[in-house]
>>> print(open('my_file28.tsv').read())   # TSV, C-alpha atoms and all ligand atoms
chain	number	residue	atom	x	y	z
X	7	MET	CA	0.00	0.00	0.00
X	8	LYS	CA	1.25	3.46	-0.82
X	9	THR	CA	2.13	5.47	2.27
X	10	TYR	CA	2.62	9.21	2.32
X	11	ALA	CA	4.46	11.13	5.02
X	12	ILE	CA	2.40	14.23	5.74
X	13	GLY	CA	3.33	17.00	8.15
X	14	VAL	CA	0.31	18.64	9.75
X	15	ILE	CA	0.47	22.17	11.15
X	16	PRO	CA	-2.97	23.05	12.57
X	17	GLY	CA	-1.70	26.52	13.58
X	18	ASP	CA	-3.79	29.30	15.10
X	19	GLY	CA	-7.36	30.47	15.41
X	20	ILE	CA	-9.71	28.52	13.16
X	21	GLY	CA	-6.75	26.57	11.74
X	22	PRO	CA	-7.07	23.51	14.01
X	23	GLU	CA	-10.87	23.31	13.55
X	24	VAL	CA	-10.55	23.45	9.79
X	25	VAL	CA	-7.65	20.98	9.69
X	26	ASN	CA	-9.68	18.49	11.75
X	27	GLN	CA	-12.35	18.44	9.05
X	28	GLY	CA	-9.72	18.13	6.33
X	29	LEU	CA	-8.12	15.17	8.11
X	30	LYS	CA	-11.51	13.52	8.60
X	31	VAL	CA	-12.01	13.65	4.85
X	32	LEU	CA	-8.43	12.50	4.21
X	33	ARG	CA	-8.94	9.42	6.44
X	34	GLU	CA	-12.10	8.50	4.55
X	35	MET	CA	-10.18	8.73	1.28
X	36	MET	CA	-7.44	6.51	2.70
X	37	THR	CA	-10.04	3.81	3.32
X	38	GLN	CA	-11.87	4.20	0.03
X	39	PHE	CA	-8.83	4.46	-2.21
X	40	GLU	CA	-6.45	2.24	-0.25
X	41	PHE	CA	-3.49	4.40	0.54
X	42	ASP	CA	-2.00	5.26	3.88
X	43	CYS	CA	-0.76	8.50	5.42
X	44	ASN	CA	1.75	8.82	8.17
X	45	LEU	CA	0.61	12.06	9.80
X	46	VAL	CA	3.16	13.96	11.88
X	47	GLU	CA	1.81	16.95	13.77
X	48	TYR	CA	3.87	20.09	14.37
X	49	PRO	CA	2.92	22.67	16.99
X	50	TYR	CA	4.27	25.85	15.39
X	51	SER	CA	1.85	28.74	15.68
X	52	GLY	CA	1.44	32.11	17.35
X	53	GLU	CA	-0.08	30.42	20.36
X	54	TYR	CA	2.86	28.03	20.66
X	55	TYR	CA	5.25	30.96	20.32
X	56	LEU	CA	3.55	32.81	23.17
X	57	LYS	CA	4.02	29.75	25.39
X	58	THR	CA	7.52	28.71	24.36
X	59	LYS	CA	9.09	31.64	22.44
X	60	GLU	CA	9.93	29.06	19.81
X	61	LEU	CA	9.70	29.65	16.07
X	62	VAL	CA	10.41	26.98	13.46
X	63	PRO	CA	13.97	25.71	13.99
X	64	GLU	CA	16.19	25.04	10.98
X	65	HIS	CA	16.37	21.30	11.71
X	66	VAL	CA	12.58	21.05	11.45
X	67	ILE	CA	12.68	22.65	7.99
X	68	ASP	CA	15.22	19.93	7.10
X	69	GLU	CA	12.84	17.32	8.48
X	70	TRP	CA	9.98	18.72	6.35
X	71	ARG	CA	12.14	18.25	3.25
X	72	GLY	CA	11.85	14.51	3.89
X	73	LEU	CA	8.03	14.48	3.84
X	74	HIS	CA	5.74	14.10	0.85
X	75	ALA	CA	3.62	17.07	1.81
X	76	VAL	CA	2.70	19.49	4.57
X	77	TYR	CA	-0.91	20.38	5.40
X	78	LEU	CA	-1.33	23.72	7.13
X	79	GLY	CA	-4.39	25.32	8.74
X	80	ALA	CA	-3.70	28.99	9.42
X	81	ILE	CA	-1.07	31.06	11.19
X	82	GLY	CA	-1.52	34.39	12.96
X	83	HIS	CA	-2.19	35.48	16.53
X	84	PRO	CA	-3.31	38.95	17.63
X	85	ASP	CA	-0.95	38.98	20.66
X	86	VAL	CA	2.20	38.24	18.68
X	87	GLU	CA	4.28	40.82	16.84
X	88	VAL	CA	2.76	41.37	13.40
X	89	GLY	CA	3.89	38.77	10.85
X	90	LEU	CA	6.56	37.15	13.04
X	91	VAL	CA	5.10	33.66	13.12
X	92	GLU	CA	3.65	33.92	9.60
X	93	ARG	CA	7.15	34.61	8.29
X	94	SER	CA	8.62	31.78	10.33
X	95	VAL	CA	6.08	29.11	9.41
X	96	ILE	CA	4.48	30.06	6.09
X	97	LEU	CA	7.42	31.86	4.51
X	98	GLY	CA	9.75	29.39	6.27
X	99	LEU	CA	8.05	26.62	4.32
X	100	ARG	CA	7.82	28.55	1.05
X	101	PHE	CA	11.44	29.75	1.08
X	102	GLY	CA	12.97	26.84	3.01
X	103	LEU	CA	11.46	24.21	0.70
X	104	ASP	CA	11.76	26.44	-2.36
X	105	LEU	CA	8.02	26.14	-3.04
X	106	TYR	CA	8.21	28.37	-6.06
X	107	ILE	CA	4.62	28.00	-7.25
X	108	ASN	CA	1.58	29.08	-5.33
X	109	LEU	CA	-1.30	27.53	-7.20
X	110	ARG	CA	-4.67	29.12	-6.48
X	111	PRO	CA	-7.72	27.88	-8.40
X	112	ILE	CA	-10.63	30.29	-8.64
X	113	LYS	CA	-13.77	28.34	-9.34
X	114	VAL	CA	-17.43	29.02	-8.68
X	115	TYR	CA	-19.22	25.87	-7.54
X	116	ALA	CA	-22.73	27.37	-7.56
X	117	GLU	CA	-24.10	30.48	-9.18
X	118	HIS	CA	-25.67	31.84	-5.99
X	119	LEU	CA	-22.26	31.91	-4.28
X	120	CYS	CA	-20.80	34.40	-6.75
X	121	PRO	CA	-21.44	38.05	-5.87
X	122	ILE	CA	-21.14	39.19	-9.49
X	123	LYS	CA	-24.48	39.58	-11.22
X	124	ASP	CA	-25.22	37.11	-14.03
X	125	LYS	CA	-21.92	35.22	-13.72
X	126	LYS	CA	-22.29	31.48	-13.87
X	127	PRO	CA	-19.98	28.67	-12.76
X	128	GLU	CA	-18.77	28.25	-16.35
X	129	ASP	CA	-17.74	31.93	-16.40
X	130	ILE	CA	-15.43	31.71	-13.43
X	131	ASP	CA	-12.99	28.86	-13.61
X	132	PHE	CA	-9.39	29.95	-13.76
X	133	VAL	CA	-6.13	29.43	-11.93
X	134	VAL	CA	-3.64	31.91	-10.56
X	135	VAL	CA	-0.01	30.83	-10.67
X	136	ARG	CA	1.62	33.06	-8.08
X	137	GLU	CA	5.42	33.18	-7.99
X	138	ASN	CA	6.08	32.22	-4.38
X	139	THR	CA	9.72	32.78	-3.43
X	140	GLU	CA	10.75	36.24	-4.65
X	141	GLY	CA	9.38	39.68	-5.45
X	142	LEU	CA	8.49	41.99	-2.60
X	143	TYR	CA	8.46	39.02	-0.21
X	144	SER	CA	12.23	38.58	-0.48
X	145	GLN	CA	12.79	40.10	2.98
X	146	ILE	CA	15.41	42.49	1.61
X	147	GLY	CA	15.06	45.92	3.14
X	148	GLY	CA	14.84	47.57	6.48
X	149	HIS	CA	14.81	50.75	8.46
X	150	LEU	CA	17.28	53.57	9.00
X	151	LYS	CA	16.87	56.06	11.83
X	152	ARG	CA	13.69	54.25	12.79
X	153	GLY	CA	11.29	56.28	14.90
X	154	THR	CA	13.01	59.59	14.15
X	155	PRO	CA	11.84	62.35	11.80
X	156	ASP	CA	14.57	61.24	9.36
X	157	GLU	CA	13.34	57.68	9.24
X	158	VAL	CA	13.87	55.74	6.01
X	159	ALA	CA	12.23	52.41	5.14
X	160	THR	CA	13.28	50.44	2.09
X	161	VAL	CA	12.13	47.22	0.48
X	162	THR	CA	13.58	45.56	-2.59
X	163	GLY	CA	11.56	43.59	-5.10
X	164	VAL	CA	13.67	40.73	-6.41
X	165	TYR	CA	12.91	39.06	-9.75
X	166	THR	CA	15.46	36.51	-10.89
X	167	ARG	CA	15.47	35.12	-14.40
X	168	LYS	CA	15.30	31.62	-12.92
X	169	GLY	CA	12.41	32.47	-10.59
X	170	VAL	CA	10.40	34.28	-13.24
X	171	GLU	CA	11.01	31.65	-15.88
X	172	ARG	CA	10.05	28.66	-13.75
X	173	ALA	CA	6.77	30.33	-12.75
X	174	ILE	CA	5.93	31.23	-16.34
X	175	ARG	CA	6.92	27.80	-17.63
X	176	TYR	CA	4.72	26.14	-15.00
X	177	ALA	CA	1.79	28.33	-16.10
X	178	PHE	CA	2.18	27.30	-19.75
X	179	GLU	CA	2.53	23.62	-18.89
X	180	LEU	CA	-0.58	23.85	-16.72
X	181	ALA	CA	-2.57	25.58	-19.45
X	182	VAL	CA	-1.66	22.86	-21.94
X	183	GLN	CA	-2.45	20.09	-19.46
X	184	GLN	CA	-5.84	21.56	-18.50
X	185	ALA	CA	-6.84	22.18	-22.10
X	186	ALA	CA	-6.92	18.43	-22.62
X	187	ASP	CA	-10.17	18.17	-20.62
X	188	ARG	CA	-11.72	21.49	-21.49
X	189	ALA	CA	-13.64	22.85	-24.39
X	190	ARG	CA	-11.81	26.15	-24.61
X	191	PRO	CA	-8.29	26.75	-25.94
X	192	PRO	CA	-5.46	27.21	-23.43
X	193	GLN	CA	-4.55	30.76	-22.51
X	194	VAL	CA	-1.98	32.30	-20.19
X	195	THR	CA	-2.32	35.90	-19.01
X	196	LEU	CA	0.72	37.69	-17.63
X	197	VAL	CA	-0.19	40.12	-14.85
X	198	ASP	CA	2.41	42.71	-13.84
X	199	LYS	CA	2.96	46.41	-13.39
X	200	ALA	CA	5.84	46.79	-15.81
X	201	ASN	CA	4.69	50.22	-16.94
X	202	ALA	CA	5.29	51.86	-13.56
X	203	ILE	CA	7.82	49.38	-12.13
X	204	ARG	CA	10.11	49.09	-15.11
X	205	PRO	CA	12.38	46.27	-13.85
X	206	GLN	CA	9.31	44.02	-14.02
X	207	GLU	CA	10.01	44.07	-17.72
X	208	ILE	CA	11.98	40.88	-16.97
X	209	TRP	CA	8.53	39.26	-16.76
X	210	THR	CA	7.49	40.69	-20.15
X	211	ARG	CA	10.64	39.44	-21.88
X	212	THR	CA	10.71	36.03	-20.24
X	213	PHE	CA	7.00	35.56	-20.96
X	214	ALA	CA	7.57	36.34	-24.65
X	215	GLU	CA	10.46	33.88	-24.86
X	216	VAL	CA	8.70	31.02	-23.07
X	217	SER	CA	5.42	31.57	-24.94
X	218	ALA	CA	7.27	31.08	-28.25
X	219	GLU	CA	7.73	27.45	-27.18
X	220	TYR	CA	3.95	27.04	-26.80
X	221	PRO	CA	2.42	28.21	-30.08
X	222	GLN	CA	-0.83	26.40	-29.19
X	223	VAL	CA	-1.35	28.60	-26.12
X	224	LYS	CA	-3.00	31.98	-26.51
X	225	THR	CA	-1.29	34.73	-24.57
X	226	ASP	CA	-2.63	37.86	-22.97
X	227	HIS	CA	-1.39	40.59	-20.67
X	228	ALA	CA	-2.95	42.83	-18.03
X	229	TYR	CA	-1.48	45.32	-15.61
X	230	VAL	CA	-2.46	44.28	-12.12
X	231	ASP	CA	-4.85	47.20	-11.59
X	232	ALA	CA	-6.67	46.38	-14.82
X	233	CYS	CA	-6.62	42.68	-13.89
X	234	CYS	CA	-8.68	43.54	-10.77
X	235	MET	CA	-11.15	45.30	-13.02
X	236	TRP	CA	-11.39	42.43	-15.51
X	237	MET	CA	-11.74	39.84	-12.75
X	238	ILE	CA	-15.00	41.53	-11.78
X	239	LYS	CA	-16.18	42.63	-15.21
X	240	ASN	CA	-15.14	39.72	-17.45
X	241	PRO	CA	-13.78	36.86	-15.32
X	242	GLU	CA	-14.58	34.49	-18.19
X	243	TRP	CA	-11.58	35.88	-20.04
X	244	PHE	CA	-9.13	34.16	-17.74
X	245	ASP	CA	-7.75	30.65	-17.95
X	246	VAL	CA	-4.31	30.71	-16.31
X	247	ILE	CA	-2.87	33.89	-14.80
X	248	VAL	CA	0.82	34.06	-13.96
X	249	THR	CA	2.06	36.84	-11.72
X	250	ALA	CA	4.57	38.07	-9.16
X	251	ASN	CA	4.32	37.20	-5.48
X	252	LEU	CA	2.55	40.24	-4.02
X	253	PHE	CA	0.19	40.70	-6.95
X	254	GLY	CA	-0.73	37.03	-6.68
X	255	ASP	CA	-1.43	37.48	-2.97
X	256	ILE	CA	-3.76	40.39	-3.65
X	257	ILE	CA	-5.68	39.13	-6.66
X	258	THR	CA	-6.34	35.75	-5.05
X	259	ASP	CA	-8.22	37.37	-2.15
X	260	LEU	CA	-10.30	39.08	-4.82
X	261	GLY	CA	-10.61	35.70	-6.54
X	262	ALA	CA	-11.78	34.07	-3.30
X	263	MET	CA	-14.61	36.60	-3.12
X	264	LEU	CA	-15.62	35.72	-6.69
X	265	GLN	CA	-15.87	32.11	-5.52
X	266	GLY	CA	-18.13	33.03	-2.64
X	267	GLY	CA	-15.74	33.91	0.16
X	268	MET	CA	-12.43	33.22	1.85
X	269	GLY	CA	-13.93	30.07	3.35
X	270	ILE	CA	-13.70	28.10	0.14
X	271	ALA	CA	-10.39	29.11	-1.43
X	272	ALA	CA	-7.54	26.59	-1.32
X	273	SER	CA	-3.95	26.66	-2.44
X	274	GLY	CA	-0.94	24.51	-3.15
X	275	ASN	CA	2.59	25.76	-2.51
X	276	LEU	CA	4.55	23.60	-4.87
X	277	HIS	CA	8.01	22.56	-5.83
X	278	PRO	CA	7.04	20.07	-8.51
X	279	GLY	CA	8.57	16.70	-7.70
X	280	LYS	CA	9.42	17.63	-4.12
X	281	THR	CA	7.72	18.19	-0.75
X	282	SER	CA	4.90	20.66	-1.22
X	283	MET	CA	2.56	22.46	1.15
X	284	PHE	CA	-1.23	22.80	1.02
X	285	GLU	CA	-3.37	25.31	2.88
X	286	PRO	CA	-6.64	27.17	2.71
X	287	ILE	CA	-5.92	30.75	1.70
X	288	HIS	CA	-7.85	32.26	4.60
X	289	GLY	CA	-6.11	33.38	7.77
X	290	SER	CA	-6.59	32.37	11.40
X	291	ALA	CA	-9.75	34.53	11.80
X	292	PRO	CA	-9.31	34.98	15.59
X	293	LYS	CA	-12.87	36.25	16.02
X	294	TYR	CA	-14.28	32.89	14.91
X	295	ALA	CA	-11.71	30.75	16.72
X	296	GLY	CA	-13.09	27.99	18.89
X	297	LYS	CA	-16.69	28.75	17.91
X	298	ASN	CA	-17.11	25.90	15.42
X	299	VAL	CA	-18.51	28.30	12.80
X	300	ALA	CA	-15.67	28.67	10.28
X	301	CYS	CA	-16.25	27.15	6.87
X	302	PRO	CA	-13.85	24.21	6.46
X	303	LEU	CA	-14.29	23.87	2.70
X	304	GLY	CA	-11.04	25.73	1.86
X	305	GLY	CA	-9.19	23.35	4.17
X	306	ILE	CA	-11.00	20.36	2.68
X	307	LEU	CA	-10.26	21.47	-0.89
X	308	ALA	CA	-6.61	21.92	0.15
X	309	VAL	CA	-6.66	18.19	0.97
X	310	SER	CA	-8.08	17.57	-2.50
X	311	MET	CA	-5.22	19.58	-4.03
X	312	MET	CA	-2.71	17.68	-1.90
X	313	LEU	CA	-4.07	14.32	-3.06
X	314	ASP	CA	-3.96	15.45	-6.68
X	315	TYR	CA	-0.33	16.44	-6.18
X	316	LEU	CA	0.49	13.11	-4.55
X	317	GLY	CA	-1.01	11.26	-7.52
X	318	GLU	CA	-4.24	10.16	-5.81
X	319	LYS	CA	-6.30	11.69	-8.61
X	320	GLN	CA	-9.52	9.76	-7.97
X	321	ALA	CA	-9.58	10.66	-4.29
X	322	SER	CA	-8.84	14.27	-5.16
X	323	THR	CA	-11.67	14.43	-7.70
X	324	ALA	CA	-14.09	12.68	-5.34
X	325	ILE	CA	-13.56	15.37	-2.69
X	326	GLU	CA	-13.97	18.22	-5.14
X	327	GLN	CA	-17.12	16.68	-6.58
X	328	ALA	CA	-18.62	16.12	-3.13
X	329	VAL	CA	-17.97	19.77	-2.20
X	330	GLY	CA	-19.33	20.94	-5.54
X	331	TYR	CA	-22.45	18.81	-5.12
X	332	LEU	CA	-23.17	20.09	-1.60
X	333	LEU	CA	-22.77	23.70	-2.70
X	334	ALA	CA	-24.69	23.41	-5.96
X	335	SER	CA	-27.58	21.59	-4.27
X	336	GLY	CA	-27.77	24.37	-1.66
X	337	ARG	CA	-27.28	21.91	1.20
X	338	ILE	CA	-24.32	24.06	2.18
X	339	PRO	CA	-25.87	27.45	1.49
X	340	SER	CA	-22.79	29.66	1.85
X	341	THR	CA	-19.05	29.51	2.39
X	342	ASP	CA	-18.76	32.05	5.20
X	343	ALA	CA	-19.14	31.74	8.96
X	344	HIS	CA	-22.90	32.43	8.70
X	345	SER	CA	-24.12	29.45	6.74
X	346	GLY	CA	-26.16	28.21	9.68
X	347	LEU	CA	-24.00	25.09	9.69
X	348	SER	CA	-21.14	24.43	12.04
X	349	THR	CA	-17.59	23.62	10.97
X	350	THR	CA	-18.06	20.00	12.07
X	351	GLU	CA	-21.49	19.70	10.41
X	352	ILE	CA	-20.01	20.79	7.08
X	353	GLY	CA	-17.14	18.33	7.52
X	354	ASP	CA	-19.66	15.56	8.30
X	355	MET	CA	-21.74	16.43	5.24
X	356	VAL	CA	-18.70	16.13	2.98
X	357	LEU	CA	-17.81	12.85	4.67
X	358	GLN	CA	-21.33	11.47	4.29
X	359	THR	CA	-21.50	12.50	0.66
X	360	LEU	CA	-18.23	10.69	0.04
X	361	GLN	CA	-19.52	7.60	1.85
X	362	THR	CA	-23.00	7.40	0.42
X	363	GLN	CA	-22.70	8.78	-3.08
X	364	PRO	CA	-19.70	7.04	-4.57
X	365	ALA	CA	-21.45	7.45	-7.95
X	366	LEU	CA	-20.49	11.11	-7.76
X	367	SER	CA	-16.87	10.15	-7.94
P	401	LIG	C1	-1.42	34.19	1.85
P	401	LIG	C2	-1.24	35.04	3.08
P	401	LIG	C3	0.26	35.15	3.39
P	401	LIG	C4	0.91	35.86	2.20
P	401	LIG	C5	0.59	35.87	4.71
P	401	LIG	C6	-0.10	35.23	5.88
P	401	LIG	C7	2.07	35.95	4.95
P	401	LIG	O1	-1.85	36.27	2.92
P	401	LIG	O2	-1.00	33.03	1.86
P	401	LIG	O3	-2.01	34.68	0.87
P	401	LIG	O4	1.00	37.08	2.18
P	401	LIG	O5	1.33	35.17	1.29
P	402	MG	MG	-2.96	36.40	1.14
>>> encode(input="my_file28.tsv", output="structure tokens", more="lines below")
Ligand code: IPM
Ligand code: MG
Amino acid sequence: MKTYAIGVIPGDGIGPEVVNQGLKVLREMMTQFEFDCNLVEYPYSGEYYLKTKELVPEHVIDEWRGLHAVYLGAIGHPDVEVGLVERSVILGLRFGLDLYINLRPIKVYAEHLCPIKDKKPEDIDFVVVRENTEGLYSQIGGHLKRGTPDEVATVTGVYTRKGVERAIRYAFELAVQQAADRARPPQVTLVDKANAIRPQEIWTRTFAEVSAEYPQVKTDHAYVDACCMWMIKNPEWFDVIVTANLFGDIITDLGAMLQGGMGIAASGNLHPGKTSMFEPIHGSAPKYAGKNVACPLGGILAVSMMLDYLGEKQASTAIEQAVGYLLASGRIPSTDAHSGLSTTEIGDMVLQTLQTQPALS
């Protein structure tokens, strides 16, 4: 039997509640599709830091490199210095494991979930390929004369040819791969701000060079401000978007709202062929923590993405179809904390659907 080594980081706030539902679904898939997972839990979080003053040690990052995947809930605690634990755990994973792709599907599972008038599920089904290890997240910068009237703060956006090219190449490969089971032709849209931030022209040039290798893929370009406009006005134009780290962060929150809310959006932080990390894109939502009201669907779909990555395609599809069915049928009426269903009830519904409606998969 295939066995996967999976690190689990429940994290802060609603993270543990959501992860519990994801693991419930994962265990069901293990039974149905006959694979095994060796789950190793890690305590790193804001809460753990407050108790122990411990962030993620280097040797643990090394240990993670030996796993097949890491499943993360959410990180962020209101009593900890802003971003400290997020940088240690989330960026520690992304940079430490060189997870250079952040894959964020934007898909509407039921028309009533989408806040844009007259947009149907078939209109909103695209993927954002967010470069995940460079750009304005490079942690290069700092303060001079901090707290004085002469204070200076700098931050450097880093775009390496290698980093840009591997993100763009991944986007083209993905577009080609997806086109196989879709009616529409593959398209990759480059999103940047190379008019105002001229060094981002490295994206323009690299995109042109890589696209020449994929004559079957249509190409398009949008500045990031215009991309926000088109995502609302004509989301059906997009197939695969490739973009720099910060822009990808921003437009995928917008994308989550197109899908019906932060509660449903999932992501994969990938280094193809190596240990990769899967998480819902929402944060720790401290105000909902411990109340059993958070929507676990983003966390559950992150499990689906993880299984797809691990090669358990049938299990991955089964989960996505079960979620899609529950949303489309209205049995789960919304993907926020006010659906009238608890976190555990939603997890149970997904589980039951997977158990009783195998025809769906
Ligand atoms: C995300 C989050 C993170 C990011 C934060 C928590 C560091 O917003 O995964 O989108 O900015 O990438
Ligand atoms: Mg974000």
>>> residues_near_ligand(input="my_file28.tsv", ligand="ligand MG 402 (chain P)", cutoff="7 Å", atoms="all atoms listed in the file", output="PyMOL selection string")
chain X and resi 255-256+259+287
>>> residues_near_ligand(input="my_file28.tsv", ligand="ligand LIG 401 (chain P)", cutoff="10 Å", atoms="only C-alpha atoms and all ligand atoms", output="PyMOL selection string")
chain X and resi 80-82+89-97+100+108+110+136+138-139+143+251-259+272-275+285-290
>>> residues_around(input="my_file28.tsv", residues="Ala189 in chain X", least_positions_apart="5", cutoff="12 Å", atoms="only C-alpha atoms", output="VMD selection string")
chain X and resid 128 184 245
>>> residues_around(input="my_file28.tsv", residues="Phe213 in chain X", least_positions_apart="4", cutoff="8 Å", atoms="only C-alpha atoms", output="number ranges by chain")
X: 171, 174, 196, 209, 217
>>> atom_distance(input="my_file28.tsv", atom1="CA of Ala232 in chain X", atom2="CA of Gly261 in chain X")
14.1 Å
>>> atom_distance(input="my_file28.tsv", atom1="CA of Tyr165 in chain X", atom2="CA of Ala218 in chain X")
20.9 Å
